[in-house]
Structures are given as structure tokens and as C-alpha cells.
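**Q** Below is query.csv; it holds CSV, C-alpha atoms and all ligand atoms.
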```csv
chain,number,residue,atom,x,y,z
A,1,MET,CA,0.4,19.4,-83.7
A,2,PRO,CA,-0.1,23.1,-84.6
A,3,GLU,CA,2.9,25.4,-84.4
A,4,PRO,CA,2.9,27.6,-81.3
A,5,THR,CA,2.0,31.1,-82.3
A,6,CYS,CA,2.7,34.5,-80.9
A,7,PRO,CA,-0.3,36.4,-79.5
A,8,LYS,CA,-2.5,37.8,-82.2
A,9,SER,CA,-2.9,41.6,-82.0
A,10,ALA,CA,-6.4,41.2,-80.7
A,11,ASP,CA,-5.0,39.2,-77.7
A,12,VAL,CA,-2.7,42.1,-76.7
A,13,LEU,CA,-3.9,44.6,-74.2
A,14,ARG,CA,-1.5,47.5,-74.1
A,15,ILE,CA,-0.8,49.5,-71.0
A,16,ALA,CA,-1.6,53.2,-71.6
A,17,CYS,CA,-0.4,54.8,-68.4
A,18,LEU,CA,0.5,54.5,-64.7
A,19,ARG,CA,-0.7,57.0,-62.1
A,20,ILE,CA,1.0,57.1,-58.7
A,21,ARG,CA,0.0,58.6,-55.3
A,22,LEU,CA,1.7,58.6,-51.9
A,23,LEU,CA,-0.5,57.8,-48.9
A,24,ASP,CA,0.2,57.8,-45.2
A,25,ILE,CA,-2.1,55.4,-43.1
A,26,PRO,CA,-2.0,55.4,-39.3
A,27,LEU,CA,-1.4,52.2,-37.3
A,28,VAL,CA,-3.7,51.0,-34.5
A,29,ARG,CA,-0.5,51.0,-32.3
A,30,PRO,CA,3.2,51.5,-32.9
A,31,HIS,CA,5.0,48.5,-34.5
A,32,LYS,CA,8.4,47.9,-33.1
A,33,PHE,CA,11.4,46.4,-35.0
A,34,SER,CA,14.9,45.8,-33.7
A,35,VAL,CA,16.2,49.2,-34.9
A,36,THR,CA,13.1,51.3,-35.5
A,37,THR,CA,9.4,51.8,-34.6
A,38,MET,CA,6.7,52.6,-37.2
A,39,HIS,CA,3.7,54.8,-36.3
A,40,THR,CA,2.2,55.2,-39.8
A,41,GLN,CA,2.6,53.2,-43.0
A,42,GLY,CA,3.6,54.9,-46.2
A,43,VAL,CA,1.9,53.4,-49.3
A,44,LEU,CA,2.8,54.1,-53.0
A,45,LEU,CA,-0.5,53.4,-54.7
A,46,ILE,CA,-0.1,52.5,-58.4
A,47,GLU,CA,-3.0,52.7,-60.8
A,48,LEU,CA,-2.4,51.0,-64.1
A,49,VAL,CA,-4.7,51.9,-67.0
A,50,THR,CA,-4.9,50.0,-70.3
A,51,GLU,CA,-5.7,51.5,-73.7
A,52,ASP,CA,-9.1,49.8,-73.4
A,53,GLY,CA,-9.7,51.6,-70.1
A,54,ILE,CA,-9.2,48.6,-67.8
A,55,VAL,CA,-7.7,49.6,-64.4
A,56,GLY,CA,-5.4,47.5,-62.2
A,57,TRP,CA,-4.1,48.4,-58.8
A,58,GLY,CA,-0.8,47.7,-57.1
A,59,GLU,CA,1.0,49.1,-54.0
A,60,GLY,CA,4.6,49.6,-53.1
A,61,VAL,CA,5.2,49.3,-49.3
A,62,VAL,CA,8.2,48.7,-47.2
A,63,PRO,CA,8.1,47.7,-43.5
A,64,GLY,CA,8.3,51.2,-41.9
A,65,GLY,CA,11.0,52.8,-44.0
A,66,PRO,CA,14.3,52.2,-45.7
A,67,TRP,CA,16.0,50.3,-42.9
A,68,TRP,CA,14.8,46.9,-44.1
A,69,GLY,CA,16.0,46.9,-47.7
A,70,GLY,CA,17.1,50.4,-48.7
A,71,GLU,CA,13.8,51.3,-50.5
A,72,SER,CA,11.3,53.9,-49.4
A,73,VAL,CA,7.9,55.0,-50.7
A,74,GLU,CA,9.5,58.3,-51.8
A,75,GLY,CA,12.3,56.6,-53.7
A,76,MET,CA,9.8,54.2,-55.2
A,77,ALA,CA,7.7,57.1,-56.4
A,78,ALA,CA,10.6,58.7,-58.2
A,79,LEU,CA,11.7,55.3,-59.7
A,80,VAL,CA,8.2,54.5,-61.0
A,81,GLU,CA,7.7,57.9,-62.4
A,82,HIS,CA,11.0,58.3,-64.2
A,83,HIS,CA,11.9,54.7,-65.1
A,84,LEU,CA,9.4,51.9,-64.4
A,85,ALA,CA,6.4,53.7,-65.9
A,86,PRO,CA,8.1,54.5,-69.2
A,87,LEU,CA,9.3,50.8,-69.4
A,88,THR,CA,5.7,49.7,-68.7
A,89,VAL,CA,3.6,51.8,-71.0
A,90,GLY,CA,2.9,50.1,-74.3
A,91,GLN,CA,3.6,46.6,-72.8
A,92,ASP,CA,1.0,43.8,-72.8
A,93,VAL,CA,-0.9,43.7,-69.5
A,94,LEU,CA,-2.0,40.1,-70.2
A,95,ARG,CA,1.7,38.9,-69.8
A,96,PRO,CA,2.6,40.2,-66.3
A,97,GLU,CA,5.5,37.8,-65.9
A,98,VAL,CA,7.0,39.0,-69.2
A,99,LEU,CA,6.6,42.6,-67.9
A,100,ALA,CA,8.2,41.6,-64.6
A,101,ARG,CA,11.3,40.2,-66.4
A,102,ARG,CA,11.5,43.3,-68.6
A,103,LEU,CA,11.6,45.5,-65.5
A,104,GLU,CA,14.0,43.2,-63.7
A,105,SER,CA,16.4,43.3,-66.6
A,106,LEU,CA,16.3,47.1,-67.0
A,107,VAL,CA,16.1,48.2,-63.4
A,108,ALA,CA,18.6,46.5,-61.0
A,109,GLY,CA,17.5,46.0,-57.4
A,110,ALA,CA,14.5,48.0,-56.4
A,111,PRO,CA,12.3,44.9,-55.9
A,112,PHE,CA,9.6,46.6,-53.8
A,113,ALA,CA,9.0,49.2,-56.6
A,114,ARG,CA,9.0,46.6,-59.4
A,115,ALA,CA,6.7,44.4,-57.4
A,116,GLY,CA,4.1,47.3,-57.1
A,117,VAL,CA,4.0,47.7,-60.8
A,118,GLU,CA,3.8,44.0,-61.5
A,119,MET,CA,1.0,43.7,-58.9
A,120,ALA,CA,-1.1,46.3,-60.8
A,121,ALA,CA,-0.5,44.3,-64.0
A,122,TRP,CA,-1.7,41.0,-62.5
A,123,ASP,CA,-4.8,42.8,-61.2
A,124,ALA,CA,-5.6,44.4,-64.6
A,125,ALA,CA,-5.0,41.1,-66.4
A,126,GLY,CA,-7.4,39.3,-64.1
A,127,ARG,CA,-10.0,42.1,-64.5
A,128,ALA,CA,-9.6,42.0,-68.3
A,129,LEU,CA,-10.1,38.3,-68.4
A,130,GLY,CA,-12.8,38.3,-65.7
A,131,VAL,CA,-10.9,35.8,-63.5
A,132,PRO,CA,-9.3,36.0,-60.1
A,133,VAL,CA,-5.5,36.2,-60.1
A,134,HIS,CA,-5.2,32.8,-58.3
A,135,GLN,CA,-6.6,31.2,-61.4
A,136,LEU,CA,-4.0,32.9,-63.6
A,137,LEU,CA,-1.4,31.5,-61.2
A,138,GLY,CA,-2.6,27.9,-61.8
A,139,GLY,CA,-5.4,27.7,-59.2
A,140,ALA,CA,-5.9,27.8,-55.5
A,141,HIS,CA,-4.7,25.0,-53.3
A,142,ARG,CA,-6.6,26.5,-50.4
A,143,ASP,CA,-9.3,29.2,-49.9
A,144,ARG,CA,-8.0,30.6,-46.6
A,145,LEU,CA,-4.7,31.2,-44.8
A,146,PRO,CA,-3.8,31.0,-41.1
A,147,VAL,CA,-2.6,34.4,-39.9
A,148,THR,CA,-0.1,34.8,-37.0
A,149,TRP,CA,-0.6,38.0,-35.0
A,150,ALA,CA,2.4,40.3,-34.2
A,151,LEU,CA,2.3,41.0,-30.5
A,152,GLY,CA,3.3,44.5,-29.3
A,153,ALA,CA,6.3,45.9,-27.5
A,154,GLU,CA,4.5,46.6,-24.3
A,155,PRO,CA,5.5,44.9,-20.9
A,156,ALA,CA,5.2,41.1,-20.9
A,157,ASP,CA,2.0,41.0,-18.8
A,158,VAL,CA,0.2,43.4,-21.1
A,159,VAL,CA,1.3,41.4,-24.2
A,160,ALA,CA,0.3,38.1,-22.6
A,161,GLN,CA,-3.1,39.5,-21.8
A,162,GLU,CA,-3.5,40.7,-25.4
A,163,ALA,CA,-2.6,37.2,-26.6
A,164,HIS,CA,-5.0,35.5,-24.2
A,165,SER,CA,-7.9,37.8,-25.3
A,166,LEU,CA,-7.2,37.1,-29.0
A,167,LEU,CA,-7.1,33.3,-28.3
A,168,ALA,CA,-10.3,33.4,-26.3
A,169,GLU,CA,-12.1,35.4,-29.0
A,170,GLY,CA,-10.8,33.0,-31.6
A,171,ARG,CA,-9.2,35.8,-33.6
A,172,HIS,CA,-5.7,34.3,-33.8
A,173,GLY,CA,-4.2,31.0,-33.1
A,174,SER,CA,-0.4,31.8,-33.2
A,175,PHE,CA,1.8,34.7,-32.3
A,176,LYS,CA,5.1,36.3,-33.3
A,177,LEU,CA,7.2,38.6,-31.2
A,178,LYS,CA,9.8,41.1,-32.4
A,179,MET,CA,13.2,40.9,-30.7
A,180,GLY,CA,16.5,42.6,-31.0
A,181,ALA,CA,15.8,46.1,-29.6
A,182,ALA,CA,16.9,45.2,-26.1
A,183,PRO,CA,20.1,43.4,-24.7
A,184,ALA,CA,19.8,39.7,-25.3
A,185,GLU,CA,19.4,38.6,-21.7
A,186,ALA,CA,16.5,41.0,-21.0
A,187,ASP,CA,15.0,40.3,-24.4
A,188,VAL,CA,15.0,36.5,-23.8
A,189,ALA,CA,13.6,37.0,-20.3
A,190,ARG,CA,10.7,39.0,-21.7
A,191,VAL,CA,9.9,36.3,-24.3
A,192,ARG,CA,10.1,33.7,-21.6
A,193,ALA,CA,7.7,35.6,-19.4
A,194,ILE,CA,5.2,35.9,-22.3
A,195,ALA,CA,5.6,32.2,-23.2
A,196,ASP,CA,5.1,31.2,-19.6
A,197,ALA,CA,1.9,33.3,-19.4
A,198,LEU,CA,0.7,31.7,-22.6
A,199,GLY,CA,1.4,28.3,-21.1
A,200,GLY,CA,1.8,26.6,-24.5
A,201,ALA,CA,-1.7,27.6,-25.5
A,202,ALA,CA,-0.5,28.8,-28.9
A,203,PRO,CA,2.7,28.6,-31.1
A,204,LEU,CA,5.1,31.4,-30.5
A,205,ALA,CA,7.7,32.6,-33.0
A,206,VAL,CA,10.3,35.4,-32.7
A,207,ASP,CA,11.9,37.7,-35.3
A,208,LEU,CA,15.3,39.1,-34.6
A,209,ASN,CA,15.5,41.0,-37.9
A,210,GLY,CA,19.2,40.1,-38.0
A,211,ALA,CA,20.1,41.8,-34.7
A,212,TRP,CA,22.3,39.0,-33.2
A,213,ASP,CA,25.8,37.8,-34.0
A,214,SER,CA,26.7,34.1,-34.0
A,215,HIS,CA,28.0,34.1,-30.5
A,216,THR,CA,24.9,35.7,-29.1
A,217,ALA,CA,22.6,33.4,-31.1
A,218,ARG,CA,24.5,30.2,-30.0
A,219,ARG,CA,24.2,31.3,-26.4
A,220,TRP,CA,20.5,32.3,-26.4
A,221,LEU,CA,18.7,30.0,-28.9
A,222,PRO,CA,18.6,27.1,-26.4
A,223,ALA,CA,16.9,29.4,-23.9
A,224,LEU,CA,14.3,30.4,-26.5
A,225,ALA,CA,13.7,26.8,-27.4
A,226,ASP,CA,13.4,26.0,-23.7
A,227,ALA,CA,10.8,28.8,-23.2
A,228,GLY,CA,8.7,27.1,-25.9
A,229,VAL,CA,9.5,29.3,-29.0
A,230,HIS,CA,9.0,27.1,-32.1
A,231,LEU,CA,10.5,29.3,-34.8
A,232,VAL,CA,13.3,31.8,-34.8
A,233,GLU,CA,13.3,34.3,-37.7
A,234,GLN,CA,16.5,35.8,-39.1
A,235,PRO,CA,18.7,35.7,-35.9
A,236,LEU,CA,21.8,36.7,-37.9
A,237,PRO,CA,22.5,39.5,-40.4
A,238,ALA,CA,21.2,39.0,-43.9
A,239,ALA,CA,24.6,38.2,-45.6
A,240,ASP,CA,25.7,35.7,-43.0
A,241,ILE,CA,24.5,32.5,-44.7
A,242,ALA,CA,27.4,30.4,-43.5
A,243,GLY,CA,26.7,31.6,-39.9
A,244,LEU,CA,23.1,30.7,-40.3
A,245,ALA,CA,24.0,27.2,-41.5
A,246,ARG,CA,26.4,26.6,-38.5
A,247,LEU,CA,23.7,27.9,-36.2
A,248,ARG,CA,21.0,25.7,-37.7
A,249,ALA,CA,23.1,22.6,-37.5
A,250,GLN,CA,23.1,22.9,-33.7
A,251,SER,CA,19.8,24.7,-33.2
A,252,PRO,CA,17.1,23.1,-31.0
A,253,VAL,CA,14.6,25.3,-32.7
A,254,ALA,CA,13.6,25.8,-36.4
A,255,ILE,CA,15.3,28.7,-38.3
A,256,MET,CA,13.5,30.9,-40.8
A,257,ALA,CA,15.3,33.1,-43.3
A,258,ASP,CA,13.7,36.5,-44.1
A,259,GLU,CA,16.3,39.3,-44.8
A,260,SER,CA,18.6,36.5,-46.2
A,261,LEU,CA,16.1,35.6,-48.9
A,262,ARG,CA,15.1,37.9,-51.7
A,263,THR,CA,15.8,36.3,-55.1
A,264,PRO,CA,15.5,32.7,-56.3
A,265,ALA,CA,19.3,32.6,-56.3
A,266,ASP,CA,19.2,33.4,-52.5
A,267,ALA,CA,16.8,30.5,-52.0
A,268,LEU,CA,19.2,28.2,-53.8
A,269,ARG,CA,22.1,29.4,-51.7
A,270,LEU,CA,20.2,28.9,-48.5
A,271,ALA,CA,19.1,25.4,-49.6
A,272,ALA,CA,22.7,24.4,-50.7
A,273,ALA,CA,24.1,25.6,-47.3
A,274,HIS,CA,21.2,23.9,-45.3
A,275,ALA,CA,20.9,27.3,-43.7
A,276,ALA,CA,17.1,27.4,-43.1
A,277,ASP,CA,14.1,25.2,-42.3
A,278,VAL,CA,11.6,27.8,-43.5
A,279,LEU,CA,11.7,30.7,-46.0
A,280,ALA,CA,9.7,33.8,-45.5
A,281,ILE,CA,8.3,34.7,-48.9
A,282,LYS,CA,7.0,38.2,-49.7
A,283,ILE,CA,5.9,39.9,-52.9
A,284,GLY,CA,7.8,43.1,-52.3
A,285,LYS,CA,11.3,41.9,-51.3
A,286,SER,CA,11.4,39.4,-54.2
A,287,GLY,CA,10.2,41.9,-56.9
A,288,GLY,CA,6.7,40.5,-57.5
A,289,LEU,CA,4.4,37.6,-57.6
A,290,SER,CA,6.2,35.7,-60.4
A,291,ALA,CA,9.6,36.0,-58.7
A,292,VAL,CA,8.0,34.6,-55.5
A,293,ARG,CA,6.8,31.6,-57.5
A,294,ARG,CA,10.4,30.9,-58.6
A,295,VAL,CA,11.5,31.2,-54.9
A,296,ALA,CA,8.8,28.8,-53.8
A,297,ALA,CA,9.8,26.3,-56.5
A,298,VAL,CA,13.3,26.2,-55.1
A,299,ALA,CA,12.0,25.8,-51.6
A,300,GLU,CA,9.8,22.9,-52.6
A,301,ALA,CA,12.6,21.1,-54.4
A,302,ALA,CA,14.9,21.6,-51.4
A,303,GLY,CA,12.3,20.4,-48.9
A,304,MET,CA,12.0,23.8,-47.2
A,305,ASP,CA,8.7,25.1,-46.0
A,306,CYS,CA,7.4,28.6,-46.9
A,307,TYR,CA,5.8,31.2,-44.7
A,308,GLY,CA,3.8,34.0,-46.2
A,309,GLY,CA,5.3,37.2,-44.9
A,310,THR,CA,4.1,40.8,-44.9
A,311,ALA,CA,5.6,44.3,-45.4
A,312,ILE,CA,2.4,45.7,-43.6
A,313,GLU,CA,0.3,46.0,-46.7
A,314,THR,CA,-3.3,47.4,-47.0
A,315,SER,CA,-6.1,45.2,-48.1
A,316,LEU,CA,-4.8,45.7,-51.7
A,317,GLY,CA,-1.4,44.2,-51.2
A,318,THR,CA,-2.8,41.7,-48.7
A,319,ALA,CA,-5.3,40.5,-51.2
A,320,ALA,CA,-2.5,40.1,-53.8
A,321,SER,CA,-0.5,38.1,-51.3
A,322,ALA,CA,-3.6,35.9,-50.5
A,323,HIS,CA,-4.1,35.1,-54.2
A,324,LEU,CA,-0.4,34.2,-54.5
A,325,PHE,CA,0.0,32.2,-51.3
A,326,CYS,CA,-3.3,30.3,-51.9
A,327,ALA,CA,-1.9,29.3,-55.3
A,328,THR,CA,1.6,28.4,-53.8
A,329,THR,CA,3.0,25.2,-52.5
A,330,PRO,CA,4.6,24.6,-50.1
A,331,LEU,CA,3.1,26.9,-47.5
A,332,ASP,CA,3.0,24.7,-44.4
A,333,ALA,CA,4.4,27.4,-42.1
A,334,GLY,CA,1.3,29.7,-42.3
A,335,THR,CA,1.3,33.4,-42.9
A,336,GLU,CA,1.5,36.8,-41.1
A,337,LEU,CA,-0.8,38.7,-43.4
A,338,PHE,CA,-2.0,40.9,-40.6
A,339,GLY,CA,-1.3,44.3,-42.4
A,340,PRO,CA,-5.0,45.4,-42.5
A,341,LEU,CA,-5.4,44.6,-38.8
A,342,LEU,CA,-2.4,46.7,-37.8
A,343,LEU,CA,-3.5,49.6,-40.0
A,344,ASP,CA,-6.1,51.9,-38.4
A,345,ASP,CA,-7.9,52.3,-41.8
A,346,ASP,CA,-7.9,50.9,-45.3
A,347,ILE,CA,-8.1,52.1,-48.9
A,348,VAL,CA,-10.7,49.7,-50.3
A,349,THR,CA,-14.5,49.7,-50.0
A,350,GLU,CA,-14.5,46.2,-48.5
A,351,PRO,CA,-11.4,45.2,-46.5
A,352,VAL,CA,-10.2,41.6,-46.7
A,353,THR,CA,-12.1,39.2,-44.4
A,354,TYR,CA,-10.6,37.5,-41.4
A,355,GLN,CA,-12.5,34.6,-39.8
A,356,ALA,CA,-11.3,32.5,-36.9
A,357,GLY,CA,-7.7,33.4,-37.3
A,358,GLN,CA,-7.7,32.9,-41.0
A,359,LEU,CA,-7.6,35.3,-44.0
A,360,LEU,CA,-10.2,34.4,-46.6
A,361,LEU,CA,-9.2,34.4,-50.3
A,362,PRO,CA,-11.0,37.3,-51.9
A,363,ALA,CA,-13.4,36.4,-54.7
A,364,GLY,CA,-13.9,38.4,-57.9
A,365,PRO,CA,-11.8,39.4,-60.9
A,366,GLY,CA,-8.2,40.4,-60.4
A,367,PHE,CA,-7.5,40.6,-56.7
A,368,GLY,CA,-11.2,41.0,-55.9
A,369,ILE,CA,-10.9,44.4,-54.3
A,370,THR,CA,-12.3,47.9,-55.0
A,371,ILE,CA,-10.3,51.0,-54.2
A,372,ASP,CA,-12.2,53.6,-52.2
A,373,GLU,CA,-11.3,57.0,-53.7
A,374,ASN,CA,-12.6,58.9,-50.7
A,375,LYS,CA,-10.1,57.0,-48.5
A,376,VAL,CA,-7.3,57.5,-50.9
A,377,ALA,CA,-8.1,61.3,-50.9
A,378,LYS,CA,-8.2,61.3,-47.1
A,379,TYR,CA,-4.7,59.7,-46.7
A,380,GLU,CA,-3.0,61.2,-49.8
A,381,ARG,CA,0.2,63.1,-48.9
A,382,ARG,CA,-0.1,66.8,-49.7
B,1,MG,MG,11.0,39.3,-40.7
```
Let me see whether you can do it: turn the structure in this file into C-alpha cells.

**A**
Amino acid sequence: MPEPTCPKSADVLRIACLRIRLLDIPLVRPHKFSVTTMHTQGVLLIELVTEDGIVGWGEGVVPGGPWWGGESVEGMAALVEHHLAPLTVGQDVLRPEVLARRLESLVAGAPFARAGVEMAAWDAAGRALGVPVHQLLGGAHRDRLPVTWALGAEPADVVAQEAHSLLAEGRHGSFKLKMGAAPAEADVARVRAIADALGGAAPLAVDLNGAWDSHTARRWLPALADAGVHLVEQPLPAADIAGLARLRAQSPVAIMADESLRTPADALRLAAAHAADVLAIKIGKSGGLSAVRRVAAVAEAAGMDCYGGTAIETSLGTAASAHLFCATTPLDAGTELFGPLLLDDDIVTEPVTYQAGQLLLPAGPGFGITIDENKVAKYERR
């Protein structure tokens, strides 16, 4: 058996520089959360160039501002420029996970910014080797992903009509509603009206973004289950794992953790507390593709399903998620990779493809996307 060897110098592909640009991309319609509404999506576009001239692309995005996790595209830009870029230049792009752990050990928190840099490294590594990123991750278990659509904040009859049209056209087969912006009683009544109008034609999930307390959740979860809701996402604040566990023990409907889950240690805490049936996994909040794989490993060992979440990415971040989620088990709860459908335009020459409610895994080296410099120039912040 030969001794394992360190990479020979010829196998090392050093990163020469990072270039960042801030973009603002309009949405097709406002996207409402419990505490805020987004009208445009800020994108930190990260261009990584190796000493050999190979380019990889990553994006840092957060769902509509710093309310979700404290990071913003403006903050990410400063952190990348002054700290993450100097830590990245000179590193080997063919070892993205090694780079991710270096950034993790030298920059506490800031997962969305670190994820954007690691994303660019995976793309460049795939391009350098001439293989798609899913192959670098061990290979795809599937070549497409079901995509739940986020219904809007309009009145119940308008939303139900939108859902029926999407079902009839075969564009989506399941839906998610944001809750938490209105008082619970009115909020639940609205969900019930939409569920009644859907008549069980498609699975319906709701996302509270942590807006309820335990008392409110205990009171209203049965009504949501009775209305036909099959999954309730993050009913309680992120830190309340014990409350989530008590709620789940009596809940007539499956519970998904989103804000409560960022790191692999969070996944272990949720598993140990029996606090969630499903984990929403996302590249940004966990600090990159390799960290999500560690989260998914905990989920699988604990018998929890994973759901491929979004921070409203362009086709770039969505393609990265597609490569990761196609190469990840367990992913039985589907995805919400609708970012490019909610954005009014894109920054790539060929946006990712949706077919019959599914996102197709892009082909080609890296993430299989090509950045459109004209679009980048159009949406770059001046
Ligand atoms: Mg969520």
C-alpha cells in the first residue's frame, strides 16, 4: 500500500484574486415575510480567478436584508474585501472544503459571506477539472428537484387563483405560504380560505419565520393541520429548541426547523431534542456547500428529512444549490429553489431550467452556468 502523499505542486491551483460587485435585481412581485417585505434582491457577485486564469463564480445573498441572520450584501462586501479575500488568495482552489474550513476558523459567524466565497471555489474547481460540481460532491442521486412555489401576500381568493393556474399549467405541484405578519386568528383564517379553495389539490406548507410564541403555536397548530397544512416551518423563535421539542411532541402536523438550524452542531441539538421532523438546508446560512453536507449527514443519521431551502438566489446560487441537493441524501421533503422565478431578471446567459414543477440539474463544468456581463452591468449598484 503506497503512503498517502500531499498534493504535488502541479496539482495545486492557486487563487490569484477575488473581484466583487454589488447588484440589485427587481422581483416579479413583492415577497412578504413576517417582519419585512422585499421588492428587490441584493446580490454580492464574487468572481474568483486562479493564477492560471480559470474563473469561478459565487454569490452572497440574504433573504431581503439583515433581518434573517444579521448579514447584508453591504456587510458581506466589506468582509470579503478586507478579510475573506486576503485569506483566500494563494489558497488551492482544488480543495474547496479545506478553504471553507480555513475561512470558518479565521472568520467567526458570517456564514452567508463565507458561503459565497466557497461557492466560487467549487465552481472554479469544477471548471479546472472539467467536471460538474455534483461529481466533485460524490455524484448525483437525482437529476431534478421538485420546487415548491411561494404564494404571495394578496387576498386569499387571488392567491388561490394563482395556485390553481400554476397547477393547471403543470408549473408547480406544491405551495408554501408565509405567515406571521398578521394576528394569528386572521392569519390562520386566511390560510384556511386558501387551503379550502385548493381543496387538497396540492400539498400546502406554511412558514412563520419564528413569529409565534409557544402558547400561540399550541393554540393554532391544530387549526392549521385541520385546514390541511402538511408542514409548519419555524413556528417559534430560532433559539427556542426546547419549545420546539415540546410543540412537536403534541403537534398534529410535521415541524420544520429553518432559523433554528445553521451549523452541524445545531442539527445535532435539534436531533437530540427531537425538535424537528424536517431540516431546511441552505448553502448561505450554513456557510457553504461542505458545511451543508455535514448538516445533512447529521439529519440522515437522526432520521430527519431535509428540505432544500432558498435565500432567493439568482440562477448562479440556484445552480449551486441544485448540484449540492442532487448530490445530497436525504432530501425527501423537496425544495423551494424558486429564486430565479421570483426575480424579474437573471445574471446568466441561460437561466436554470424548470420543467413540470421541477428544477433540472444544470450540465457542464462547475455549476454549468455562464455569467452575462451585460446583465451584471445593467444591475450593478452605482
Ligand atoms: Mg424559512

**Q** Out of A:Trp149, A:Trp68, A:Phe175, A:Phe112, which residue has the shortest atom-to-atom distance to Gly210 (chain A) when counting all atoms listed in the file?

**A**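 Going through A:Trp149, A:Trp68, A:Phe175, A:Phe112 one by one, the smallest distance to Gly210 (chain A) is for A:Trp68.
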
**Q** Using only C-alpha atoms and all ligand atoms, which of A:Lys285, A:His274, A:Arg219, A:Arg269 sits nearest ligand MG 1 (chain B)?

**A**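 Under the stated criterion, the closest residue is A:Lys285.
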
**Q** Go through chain A and flag each residue having an atom no more than 12 Å from ligand MG 1 (chain B); for those, report the closest pair of atoms plus their distance in Å to one decimal, using all atoms listed in the file, ordered by chain and rising number, as a Markdown table.

**A**
```
| residue | atom | partner | partner_atom | distance |
| --- | --- | --- | --- | --- |
| A:Lys32 | CA | B:MG1 | MG | 11.8 |
| A:Phe33 | CA | B:MG1 | MG | 9.1 |
| A:Ser34 | CA | B:MG1 | MG | 10.3 |
| A:Val62 | CA | B:MG1 | MG | 11.8 |
| A:Pro63 | CA | B:MG1 | MG | 9.3 |
| A:Trp68 | CA | B:MG1 | MG | 9.2 |
| A:Gly69 | CA | B:MG1 | MG | 11.5 |
| A:Ala150 | CA | B:MG1 | MG | 10.8 |
| A:Lys176 | CA | B:MG1 | MG | 9.9 |
| A:Leu177 | CA | B:MG1 | MG | 10.3 |
| A:Lys178 | CA | B:MG1 | MG | 8.6 |
| A:Met179 | CA | B:MG1 | MG | 10.4 |
| A:Gly180 | CA | B:MG1 | MG | 11.6 |
| A:Ala205 | CA | B:MG1 | MG | 10.7 |
| A:Val206 | CA | B:MG1 | MG | 8.9 |
| A:Asp207 | CA | B:MG1 | MG | 5.7 |
| A:Leu208 | CA | B:MG1 | MG | 7.5 |
| A:Asn209 | CA | B:MG1 | MG | 5.6 |
| A:Gly210 | CA | B:MG1 | MG | 8.7 |
| A:Ala211 | CA | B:MG1 | MG | 11.2 |
| A:Leu231 | CA | B:MG1 | MG | 11.6 |
| A:Val232 | CA | B:MG1 | MG | 9.8 |
| A:Glu233 | CA | B:MG1 | MG | 6.3 |
| A:Gln234 | CA | B:MG1 | MG | 6.7 |
| A:Pro235 | CA | B:MG1 | MG | 9.8 |
| A:Leu236 | CA | B:MG1 | MG | 11.5 |
| A:Pro237 | CA | B:MG1 | MG | 11.5 |
| A:Ala238 | CA | B:MG1 | MG | 10.7 |
| A:Ile255 | CA | B:MG1 | MG | 11.7 |
| A:Met256 | CA | B:MG1 | MG | 8.8 |
| A:Ala257 | CA | B:MG1 | MG | 8.0 |
| A:Asp258 | CA | B:MG1 | MG | 5.2 |
| A:Glu259 | CA | B:MG1 | MG | 6.7 |
| A:Ser260 | CA | B:MG1 | MG | 9.8 |
| A:Leu261 | CA | B:MG1 | MG | 10.3 |
| A:Arg262 | CA | B:MG1 | MG | 11.8 |
| A:Val278 | CA | B:MG1 | MG | 11.9 |
| A:Leu279 | CA | B:MG1 | MG | 10.1 |
| A:Ala280 | CA | B:MG1 | MG | 7.4 |
| A:Ile281 | CA | B:MG1 | MG | 9.8 |
| A:Lys282 | CA | B:MG1 | MG | 9.9 |
| A:Lys285 | CA | B:MG1 | MG | 10.9 |
| A:Tyr307 | CA | B:MG1 | MG | 10.4 |
| A:Gly308 | CA | B:MG1 | MG | 10.5 |
| A:Gly309 | CA | B:MG1 | MG | 7.4 |
| A:Thr310 | CA | B:MG1 | MG | 8.2 |
| A:Ala311 | CA | B:MG1 | MG | 8.7 |
| A:Ile312 | CA | B:MG1 | MG | 11.1 |
| A:Thr335 | CA | B:MG1 | MG | 11.6 |
| A:Glu336 | CA | B:MG1 | MG | 9.8 |
```

**Q** Tell me which residues come within 6 Å of (14.6, 24.4, -27.8), as a PyMOL selection string, counting only C-alpha atoms in the file's coordinates.

**A** chain A and resi 222+225-226+252-253

**Q** Filtering to C-alpha atoms, could you give me those residues as a PDB file, keeping the file's coordinate frame?

**A**
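See again08.pdb below for the written result:
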```pdb
ATOM      1  CA  PRO A 222      18.600  27.100 -26.400  1.00  0.00           C
ATOM      2  CA  ALA A 225      13.700  26.800 -27.400  1.00  0.00           C
ATOM      3  CA  ASP A 226      13.400  26.000 -23.700  1.00  0.00           C
ATOM      4  CA  PRO A 252      17.100  23.100 -31.000  1.00  0.00           C
ATOM      5  CA  VAL A 253      14.600  25.300 -32.700  1.00  0.00           C
TER       6      VAL A 253
END
```

**Q** Which residue gives the smallest distance to Asp372 (chain A) among A:Ala299, A:His31, A:Trp57, A:Ala217, with only C-alpha atoms counted?

**A** A:Trp57

**Q** Between A:Val49, A:Leu268, A:Leu145, A:Ala140, which one has atoms that come closest to Val298 (chain A), using only C-alpha atoms?

**A**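 Closest to Val298 (chain A) of all the choices is A:Leu268.
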
**Q** Which residue gives the smallest distance to Gln91 (chain A) among A:Ile194, A:Leu48, A:Val131, A:Ala271, with all atoms listed in the file counted?

**A**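 Among the listed residues, A:Leu48 lies closest to Gln91 (chain A).
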
**Q** Determine, for each residue of region 195-265 of chain A having at least one atom at most 10 Å from an atom of region 167-174 of chain A, the closest pair of atoms and their separation in Å to one decimal, counting only C-alpha atoms; order by chain and ascending number, as CSV.

**A**
```
residue,atom,partner,partner_atom,distance
A:Leu198,CA,A:Leu167,CA,9.8
A:Ala201,CA,A:Leu167,CA,8.3
A:Ala202,CA,A:Ser174,CA,5.2
A:Pro203,CA,A:Ser174,CA,4.9
A:Leu204,CA,A:Ser174,CA,6.1
A:Ala205,CA,A:Ser174,CA,8.1
```

**Q** What is the CA of Pro111 (chain A) to CA of Gly70 (chain A) distance in Å?

**A** 10.3 Å

**Q** Any idea what the distance is between CA of Ala275 (chain A) and CA of Thr318 (chain A)?

**A** 28.2 Å

**Q** One decimal, Å: what's the distance from CA of His134 (chain A) over to CA of His323 (chain A), could you say?

**A**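 Computing the Euclidean distance for CA of His134 (chain A) and CA of His323 (chain A) yields 4.8 Å.
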
**Q** Using all atoms listed in the file, can you tell me which of A:Gly75, A:Gln135, A:Ser321, A:Trp212 comes closest to Ala182 (chain A)?

**A**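 Checking each candidate against Ala182 (chain A), we get A:Trp212 as the closest.
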
**Q** If I put a ball of radius 9 Å at (5.1, 45.1, -61.7) in the file's coordinates, which residues poke into it when counting all atoms listed in the file, written as a list in words?

**A**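 Output of the proximity query reads Gly58, Leu84, Thr88, Pro96, Glu97, Leu99, Ala100, Leu103, Ala113, Arg114, Ala115, Gly116, Val117, Glu118, Met119, Ala120, Ala121, Trp122, Gly287, Gly288 and Leu289 of chain A.
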
**Q** Contacts of Val159 (chain A) at 12 Å or less, counting all atoms listed in the file, minus same-chain residues fewer than 2 places along, as a ChimeraX atom specification?

**A** /A:149-157,161-166,175-178,190-198
